[in-house]
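S.K.: Just entry16.pdb, nothing more (PDB, C-alpha atoms):
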```pdb
ATOM      1  CA  GLY E  27      52.268  12.688 -54.931
ATOM      2  CA  ALA E  28      53.387   9.122 -54.411
ATOM      3  CA  VAL E  29      56.904   8.743 -53.015
ATOM      4  CA  VAL E  30      59.202   5.750 -52.795
ATOM      5  CA  SER E  31      62.153   6.145 -50.474
ATOM      6  CA  GLN E  32      65.167   4.030 -51.454
ATOM      7  CA  HIS E  33      68.176   3.503 -49.190
ATOM      8  CA  PRO E  34      71.083   3.580 -49.250
ATOM      9  CA  SER E  35      71.767   5.900 -52.162
ATOM     10  CA  ARG E  36      75.373   4.764 -52.366
ATOM     11  CA  VAL E  37      77.157   1.792 -50.851
ATOM     12  CA  ILE E  38      80.630   0.389 -51.144
ATOM     13  CA  CYS E  39      81.152  -3.133 -49.902
ATOM     14  CA  LYS E  40      83.881  -5.725 -49.921
ATOM     15  CA  SER E  41      83.742  -8.683 -52.228
ATOM     16  CA  GLY E  42      81.980 -11.619 -50.591
ATOM     17  CA  THR E  43      79.768  -9.580 -48.287
ATOM     18  CA  SER E  44      76.019  -8.965 -48.569
ATOM     19  CA  VAL E  45      74.235  -5.694 -49.117
ATOM     20  CA  LYS E  46      70.583  -4.905 -48.437
ATOM     21  CA  ILE E  47      68.711  -2.220 -50.375
ATOM     22  CA  GLU E  48      65.354  -0.988 -49.064
ATOM     23  CA  CYS E  49      62.453   0.613 -50.862
ATOM     24  CA  ARG E  50      59.596   2.062 -48.832
ATOM     25  CA  SER E  51      56.400   3.507 -50.240
ATOM     26  CA  LEU E  52      55.642   6.458 -47.990
ATOM     27  CA  ASP E  53      52.094   7.423 -48.810
ATOM     28  CA  PHE E  54      50.559   4.545 -50.731
ATOM     29  CA  GLN E  55      50.384   0.776 -50.716
ATOM     30  CA  ALA E  56      52.736  -0.795 -53.208
ATOM     31  CA  THR E  57      51.041  -3.983 -54.321
ATOM     32  CA  THR E  58      53.799  -4.675 -56.820
ATOM     33  CA  MET E  59      57.481  -3.804 -56.706
ATOM     34  CA  PHE E  60      59.832  -4.034 -59.655
ATOM     35  CA  TRP E  61      63.600  -4.167 -59.282
ATOM     36  CA  TYR E  62      65.844  -2.964 -62.081
ATOM     37  CA  ARG E  63      69.577  -2.914 -62.655
ATOM     38  CA  GLN E  64      71.304  -0.343 -64.814
ATOM     39  CA  PHE E  65      74.909  -0.547 -65.971
ATOM     40  CA  PRO E  66      76.669   2.680 -67.018
ATOM     41  CA  LYS E  67      75.267   4.223 -70.181
ATOM     42  CA  GLN E  68      72.781   1.401 -70.580
ATOM     43  CA  SER E  69      69.068   0.981 -70.136
ATOM     44  CA  LEU E  70      67.135  -0.291 -67.138
ATOM     45  CA  MET E  71      66.922  -4.067 -67.135
ATOM     46  CA  LEU E  72      64.186  -5.737 -65.131
ATOM     47  CA  MET E  73      65.544  -8.145 -62.574
ATOM     48  CA  ALA E  74      62.422  -9.294 -60.778
ATOM     49  CA  THR E  75      58.807  -8.544 -59.961
ATOM     50  CA  SER E  76      57.403  -9.037 -56.501
ATOM     51  CA  ASN E  77      53.862  -8.902 -55.220
ATOM     52  CA  GLU E  78      53.222  -8.340 -51.539
ATOM     53  CA  GLY E  79      53.202 -11.604 -49.652
ATOM     54  CA  SER E  80      54.314 -13.689 -52.633
ATOM     55  CA  LYS E  81      57.619 -14.986 -53.903
ATOM     56  CA  ALA E  82      59.335 -12.804 -56.440
ATOM     57  CA  THR E  83      59.341 -13.689 -60.129
ATOM     58  CA  TYR E  84      62.836 -13.392 -61.569
ATOM     59  CA  GLU E  85      63.759 -12.586 -65.134
ATOM     60  CA  GLN E  86      65.757 -15.084 -67.127
ATOM     61  CA  GLY E  87      69.429 -14.974 -66.248
ATOM     62  CA  VAL E  88      68.934 -13.393 -62.824
ATOM     63  CA  GLU E  89      70.078 -15.654 -59.994
ATOM     64  CA  LYS E  90      67.365 -15.780 -57.365
ATOM     65  CA  ASP E  91      69.745 -17.134 -54.734
ATOM     66  CA  LYS E  92      72.070 -14.214 -55.280
ATOM     67  CA  PHE E  93      69.490 -11.441 -55.461
ATOM     68  CA  LEU E  94      67.068 -12.068 -52.618
ATOM     69  CA  ILE E  95      63.863 -10.062 -52.783
ATOM     70  CA  ASN E  96      61.465  -9.715 -49.906
ATOM     71  CA  HIS E  97      58.123  -7.931 -50.157
ATOM     72  CA  ALA E  98      56.603  -8.768 -46.799
ATOM     73  CA  SER E  99      54.421  -5.683 -46.488
ATOM     74  CA  LEU E 100      52.614  -3.240 -48.734
ATOM     75  CA  THR E 101      55.080  -0.509 -47.867
ATOM     76  CA  LEU E 102      58.438  -2.245 -47.820
ATOM     77  CA  SER E 103      60.446  -4.295 -50.294
ATOM     78  CA  THR E 104      64.092  -5.230 -49.981
ATOM     79  CA  LEU E 105      66.737  -6.501 -52.363
ATOM     80  CA  THR E 106      69.720  -8.275 -50.833
ATOM     81  CA  VAL E 107      72.774  -8.853 -52.969
ATOM     82  CA  THR E 108      74.460 -11.867 -51.400
ATOM     83  CA  SER E 109      78.146 -12.690 -51.711
ATOM     84  CA  ALA E 110      78.678  -9.605 -53.822
ATOM     85  CA  HIS E 111      81.357  -9.561 -56.504
ATOM     86  CA  PRO E 112      82.798  -6.644 -58.485
ATOM     87  CA  GLU E 113      80.622  -7.561 -61.475
ATOM     88  CA  ASP E 114      77.559  -6.843 -59.294
ATOM     89  CA  SER E 115      78.604  -3.206 -59.159
ATOM     90  CA  SER E 116      75.745  -1.349 -60.754
ATOM     91  CA  PHE E 117      72.874   1.082 -60.213
ATOM     92  CA  TYR E 118      69.844  -0.627 -58.679
ATOM     93  CA  ILE E 119      66.462   1.057 -58.754
ATOM     94  CA  CYS E 120      63.040   0.010 -57.543
ATOM     95  CA  SER E 121      59.654   0.937 -58.962
ATOM     96  CA  ALA E 122      56.362   0.553 -57.135
ATOM     97  CA  SER E 123      52.833   0.329 -58.424
ATOM     98  CA  GLN E 124      49.304  -0.069 -57.115
ATOM     99  CA  THR E 125      46.672  -2.420 -58.460
ATOM    100  CA  GLY E 126      44.324  -0.676 -60.853
ATOM    101  CA  ASN E 127      46.635   2.272 -61.313
ATOM    102  CA  TYR E 128      48.535   2.945 -64.509
ATOM    103  CA  GLY E 129      51.499   4.727 -62.992
ATOM    104  CA  TYR E 130      54.783   3.746 -61.438
ATOM    105  CA  THR E 131      56.778   5.445 -58.720
ATOM    106  CA  PHE E 132      60.527   5.015 -58.807
ATOM    107  CA  GLY E 133      62.954   5.120 -55.929
ATOM    108  CA  SER E 134      65.977   7.342 -56.288
ATOM    109  CA  GLY E 135      68.321   4.409 -56.905
ATOM    110  CA  THR E 136      71.289   2.801 -55.178
ATOM    111  CA  ARG E 137      74.763   2.913 -56.619
ATOM    112  CA  LEU E 138      76.556  -0.254 -55.480
ATOM    113  CA  THR E 139      80.301  -0.591 -55.762
ATOM    114  CA  VAL E 140      81.908  -3.892 -54.817
ATOM    115  CA  VAL E 141      85.644  -3.717 -54.169
TER     116      VAL E 141
ATOM    117  CA  ALA K  30      63.084  -9.302 -79.340
ATOM    118  CA  GLN K  31      63.403  -5.624 -78.601
ATOM    119  CA  LYS K  32      60.018  -4.222 -77.710
ATOM    120  CA  ILE K  33      61.042  -0.581 -77.522
ATOM    121  CA  THR K  34      63.408   0.938 -80.056
ATOM    122  CA  GLN K  35      65.074   4.287 -79.667
ATOM    123  CA  THR K  36      67.283   4.827 -82.696
ATOM    124  CA  GLN K  37      68.989   8.040 -81.576
ATOM    125  CA  PRO K  38      71.807   7.359 -79.112
ATOM    126  CA  GLY K  39      72.544  11.077 -78.862
ATOM    127  CA  MET K  40      70.877  14.316 -79.878
ATOM    128  CA  PHE K  41      71.890  17.961 -79.785
ATOM    129  CA  VAL K  42      69.503  20.882 -79.696
ATOM    130  CA  GLN K  43      69.992  24.566 -79.247
ATOM    131  CA  GLU K  44      68.348  26.288 -76.322
ATOM    132  CA  LYS K  45      64.783  27.466 -77.045
ATOM    133  CA  GLU K  46      64.462  25.153 -80.035
ATOM    134  CA  ALA K  47      62.125  22.156 -80.208
ATOM    135  CA  VAL K  48      63.436  18.593 -80.409
ATOM    136  CA  THR K  49      61.823  15.259 -81.216
ATOM    137  CA  LEU K  50      63.041  12.031 -79.653
ATOM    138  CA  ASP K  51      62.006   8.928 -81.542
ATOM    139  CA  CYS K  52      60.451   5.789 -80.116
ATOM    140  CA  THR K  53      58.884   2.812 -81.837
ATOM    141  CA  TYR K  54      57.366  -0.158 -80.077
ATOM    142  CA  ASP K  55      56.286  -3.678 -80.768
ATOM    143  CA  THR K  56      53.336  -5.385 -79.140
ATOM    144  CA  SER K  57      50.414  -7.594 -80.032
ATOM    145  CA  ASP K  58      48.408  -6.420 -77.025
ATOM    146  CA  GLN K  59      45.433  -4.150 -77.614
ATOM    147  CA  SER K  60      45.793  -2.538 -74.206
ATOM    148  CA  TYR K  61      49.154  -1.004 -73.395
ATOM    149  CA  GLY K  62      50.701   2.178 -72.119
ATOM    150  CA  LEU K  63      53.621   4.252 -73.296
ATOM    151  CA  PHE K  64      55.774   6.332 -70.999
ATOM    152  CA  TRP K  65      58.646   8.738 -71.284
ATOM    153  CA  TYR K  66      61.126   9.269 -68.473
ATOM    154  CA  LYS K  67      64.013  11.676 -68.008
ATOM    155  CA  GLN K  68      67.099  10.481 -66.171
ATOM    156  CA  PRO K  69      69.608  13.152 -65.186
ATOM    157  CA  SER K  70      73.118  12.235 -64.102
ATOM    158  CA  SER K  71      71.879  11.788 -60.517
ATOM    159  CA  GLY K  72      70.080   8.654 -61.693
ATOM    160  CA  GLU K  73      66.534   9.383 -60.593
ATOM    161  CA  MET K  74      63.769   8.531 -63.036
ATOM    162  CA  ILE K  75      61.532  11.524 -63.673
ATOM    163  CA  PHE K  76      58.152  10.757 -65.233
ATOM    164  CA  LEU K  77      57.358  13.058 -68.125
ATOM    165  CA  ILE K  78      54.300  11.867 -69.999
ATOM    166  CA  TYR K  79      51.961   8.928 -70.516
ATOM    167  CA  GLN K  80      49.859   7.744 -73.463
ATOM    168  CA  GLY K  81      47.357   4.922 -73.221
ATOM    169  CA  SER K  82      46.709   2.780 -76.256
ATOM    170  CA  TYR K  83      43.044   3.765 -76.276
ATOM    171  CA  ASP K  84      43.667   7.474 -75.864
ATOM    172  CA  GLU K  85      42.550   9.216 -79.013
ATOM    173  CA  GLN K  86      44.287  12.485 -78.352
ATOM    174  CA  ASN K  87      48.029  12.945 -78.103
ATOM    175  CA  ALA K  88      49.175  13.473 -74.522
ATOM    176  CA  THR K  89      50.610  16.829 -73.504
ATOM    177  CA  GLU K  90      52.267  17.934 -70.263
ATOM    178  CA  GLY K  91      53.589  21.466 -70.315
ATOM    179  CA  ARG K  92      56.523  21.600 -72.742
ATOM    180  CA  TYR K  93      56.257  17.871 -73.423
ATOM    181  CA  SER K  94      53.956  16.312 -75.973
ATOM    182  CA  LEU K  95      53.738  12.805 -77.291
ATOM    183  CA  ASN K  96      53.228  12.254 -81.014
ATOM    184  CA  PHE K  97      51.317   8.984 -80.923
ATOM    185  CA  GLN K  98      50.891   7.208 -84.246
ATOM    186  CA  LYS K  99      49.262   3.913 -83.384
ATOM    187  CA  ALA K 100      49.263   2.388 -86.863
ATOM    188  CA  ARG K 101      52.979   3.056 -87.178
ATOM    189  CA  LYS K 102      53.594   1.989 -83.555
ATOM    190  CA  SER K 103      55.493   5.121 -82.781
ATOM    191  CA  ALA K 104      55.393   7.365 -79.724
ATOM    192  CA  ASN K 105      57.801  10.214 -80.254
ATOM    193  CA  LEU K 106      58.466  12.764 -77.519
ATOM    194  CA  VAL K 107      58.490  16.407 -78.506
ATOM    195  CA  ILE K 108      60.138  18.891 -76.182
ATOM    196  CA  SER K 109      59.343  22.477 -77.062
ATOM    197  CA  ALA K 110      61.446  25.495 -76.092
ATOM    198  CA  SER K 111      64.407  23.425 -74.870
ATOM    199  CA  GLN K 112      66.185  24.535 -71.729
ATOM    200  CA  LEU K 113      69.706  23.795 -70.538
ATOM    201  CA  GLY K 114      68.214  21.738 -67.705
ATOM    202  CA  ASP K 115      66.669  19.382 -70.258
ATOM    203  CA  SER K 116      70.097  17.840 -70.882
ATOM    204  CA  ALA K 117      69.736  14.242 -69.697
ATOM    205  CA  MET K 118      69.025  10.691 -70.817
ATOM    206  CA  TYR K 119      65.499  10.086 -72.055
ATOM    207  CA  PHE K 120      63.882   6.684 -71.969
ATOM    208  CA  CYS K 121      60.784   5.488 -73.746
ATOM    209  CA  ALA K 122      59.014   2.615 -72.010
ATOM    210  CA  MET K 123      55.999   0.425 -72.594
ATOM    211  CA  ARG K 124      53.672  -1.417 -70.281
ATOM    212  CA  GLU K 125      51.780  -4.269 -71.901
ATOM    213  CA  GLY K 126      48.473  -4.953 -70.207
ATOM    214  CA  ARG K 127      45.809  -2.866 -68.544
ATOM    215  CA  ASP K 128      47.530  -1.578 -65.427
ATOM    216  CA  SER K 129      50.814  -1.168 -63.642
ATOM    217  CA  GLY K 130      50.853  -4.711 -62.295
ATOM    218  CA  TYR K 131      52.965  -5.298 -65.376
ATOM    219  CA  ALA K 132      56.566  -4.216 -65.635
ATOM    220  CA  LEU K 133      57.826  -1.515 -67.936
ATOM    221  CA  ASN K 134      60.078  -2.424 -70.861
ATOM    222  CA  PHE K 135      62.588   0.311 -71.539
ATOM    223  CA  GLY K 136      64.316   1.385 -74.713
ATOM    224  CA  LYS K 137      68.061   1.985 -74.779
ATOM    225  CA  GLY K 138      67.623   5.691 -74.298
ATOM    226  CA  THR K 139      68.609   8.914 -76.040
ATOM    227  CA  SER K 140      71.145  11.274 -74.558
ATOM    228  CA  LEU K 141      70.009  14.854 -75.133
ATOM    229  CA  LEU K 142      72.384  17.767 -74.885
ATOM    230  CA  VAL K 143      70.969  21.272 -74.954
ATOM    231  CA  THR K 144      73.507  23.881 -76.001
ATOM    232  CA  PRO K 145      73.395  27.631 -75.324
TER     233      PRO K 145
END
```
Any chance you could put this one into structure tokens?

M.R.:
Amino acid sequence: GAVVSQHPSRVICKSGTSVKIECRSLDFQATTMFWYRQFPKQSLMLMATSNEGSKATYEQGVEKDKFLINHASLTLSTLTVTSAHPEDSSFYICSASQTGNYGYTFGSGTRLTVV
Amino acid sequence: AQKITQTQPGMFVQEKEAVTLDCTYDTSDQSYGLFWYKQPSSGEMIFLIYQGSYDEQNATEGRYSLNFQKARKSANLVISASQLGDSAMYFCAMREGRDSGYALNFGKGTSLLVTP
């Protein structure tokens, strides 16, 4: 079945530094990638939607200059958290889809802790 | 406005019993899809079952079945013969539109605990 590899699974970084999270679709072409954030004991909240080769569309309240999304190829999308602060500590998870398909393939998630 | 409502923050069920997790949704689209996911403590999202808005029969996948009542806009998940490994968070989600170019909207989730 379709697999999305997400790395790193866990990262601890210092306040003010940047962190890059990668999602790779291993056996299919991800035309669309969705990035979600999940705080403890809460639901998944959509941060942004990106289509390959296009600029990402951000949800209201999500700072596009802070959460940089790149979807330069059909198999790779990245989320960079710039100038991270402790309040950015969260679980980030990507979800990939293909045009014409009804399903979604999720990465395994990245637990970010900013100290 | 909340598009997916899960009214049960937590549920208990005894092993081998059946349990129903509630989900209601709100949409004006004619074409949409409803999904259920399981999220164990590791955080991964495990797809359980899918129901399309035009599907006339309720979806089933092994021990999982979806009780789809379109007029009432409900899509409850039924887990039969619960197992200890079923303990996890369960999320109902909806995709508005024909295909997965559209993002999923998630409910707040139900925490299920299966007891021996």

S.K.: Show me, as a PyMOL selection string, the residues of chain E whose atoms get within 9 Å of chain K, using only C-alpha atoms for the distance check.

M.R.: chain E and resi 57-60+67-72+75+77+117+119+121-137

S.K.: Kindly extract all protein, DNA and RNA residues lying within 7 Å of the coordinates (73.5, 20.4, -76.9) given in the file, considering all atoms listed in the file, and supply them as a ChimeraX atom specification.

M.R.: /K:41-43,141-144

S.K.: For each of E:Thr101, E:Cys39, E:Glu85, E:His33, take the minimum atom-to-atom distance to Gln55 of chain E, counting all atoms listed in the file, then give the residue where this is smallest.

M.R.: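 Result for the nearest residue to Gln55 of chain E: E:Thr101.
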
S.K.: Near Asp114 of chain E, counting all atoms listed in the file, which residues have an atom at most 8 Å away, once you skip same-chain residues fewer than 5 positions from it, shown as a PyMOL selection string?

M.R.: chain E and resi 138-140

S.K.: How about saving the chosen residues, C-alpha atoms kept, as a PDB file, in the coordinates of the input?

M.R.:
```pdb
ATOM      1  CA  LEU E 138      76.556  -0.254 -55.480  1.00  0.00           C
ATOM      2  CA  THR E 139      80.301  -0.591 -55.762  1.00  0.00           C
ATOM      3  CA  VAL E 140      81.908  -3.892 -54.817  1.00  0.00           C
TER       4      VAL E 140
END
```

S.K.: For the structure shown, which residues end up in the PyMOL selection byres ((chain K and resi 83) around 10)? Put them as an MDAnalysis selection string, please?

M.R.: chainID K and resid 59:62 80:82 84:86 99

S.K.: So the first atom is atom CA of Thr49 of chain K and the second is atom CA of Ala104 of chain K; what is the distance between them in Å, to one decimal place?

M.R.: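 Spanning atom CA of Thr49 of chain K to atom CA of Ala104 of chain K is a straight-line distance of 10.3 Å.
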
S.K.: Compare E:Val30, E:Cys49, E:Cys120, E:Leu102 by their minimum atom-to-atom distance to Met73 of chain E, counting all atoms listed in the file, and give me the closest one.

M.R.: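 For Met73 of chain E, the nearest of the given residues is E:Cys120.
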
S.K.: Care to translate the PyMOL selection byres ((chain E and resi 104-110) around 6) into actual residues of this file, as a PyMOL selection string?

M.R.: chain E and resi 41-48+92-96+103+111

S.K.: Pick from K:Tyr66, K:Asn87, K:Lys102, K:Ile108: nearest to Ile33 of chain K, with all atoms listed in the file counted?

M.R.: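 Nearest candidate to Ile33 of chain K out of K:Tyr66, K:Asn87, K:Lys102, K:Ile108: K:Lys102.
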
S.K.: Atom CA of Ile78 of chain K and atom CA of Leu106 of chain K are how many Å apart?

M.R.: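 Those two atoms sit 8.6 Å apart.
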
S.K.: Determine the nearest neighbour of Thr56 of chain K from the options K:Ser94, K:Ser70, K:Ser103, K:Gln35, counting only C-alpha atoms.

M.R.: K:Ser103

S.K.: Rounded to one decimal, what separation in Å do you get between atom CA of Thr36 of chain K and atom CA of Arg101 of chain K?

M.R.: 15.1 Å

S.K.: Would you translate the PyMOL selection byres ((chain E and resi 28) around 8) into the concrete set of residues it matches in this file, as a list in words?

M.R.: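 Checking the PyMOL selection byres ((chain E and resi 28) around 8) against this file, the residues are Gly27, Val29, Val30, Ser51, Leu52, Asp53, Phe54 and Thr131 of chain E.
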
S.K.: Around all listed atoms of segment 41-52 of chain E, padded 6 Å per side, what centre and edge lengths does the axis-aligned box have in Å to one decimal, as lines of an AutoDock Vina configuration file?

M.R.:
```
center_x = 69.7
center_y = -2.6
center_z = -50.1
size_x = 40.1
size_y = 30.1
size_z = 16.2
```

S.K.: Which residue out of K:Gly91, K:Phe97, K:Trp65, K:Glu44 has the minimum interatomic distance to Leu113 of chain K when all atoms listed in the file are used?

M.R.: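 Smallest separation from Leu113 of chain K among the options: K:Glu44.
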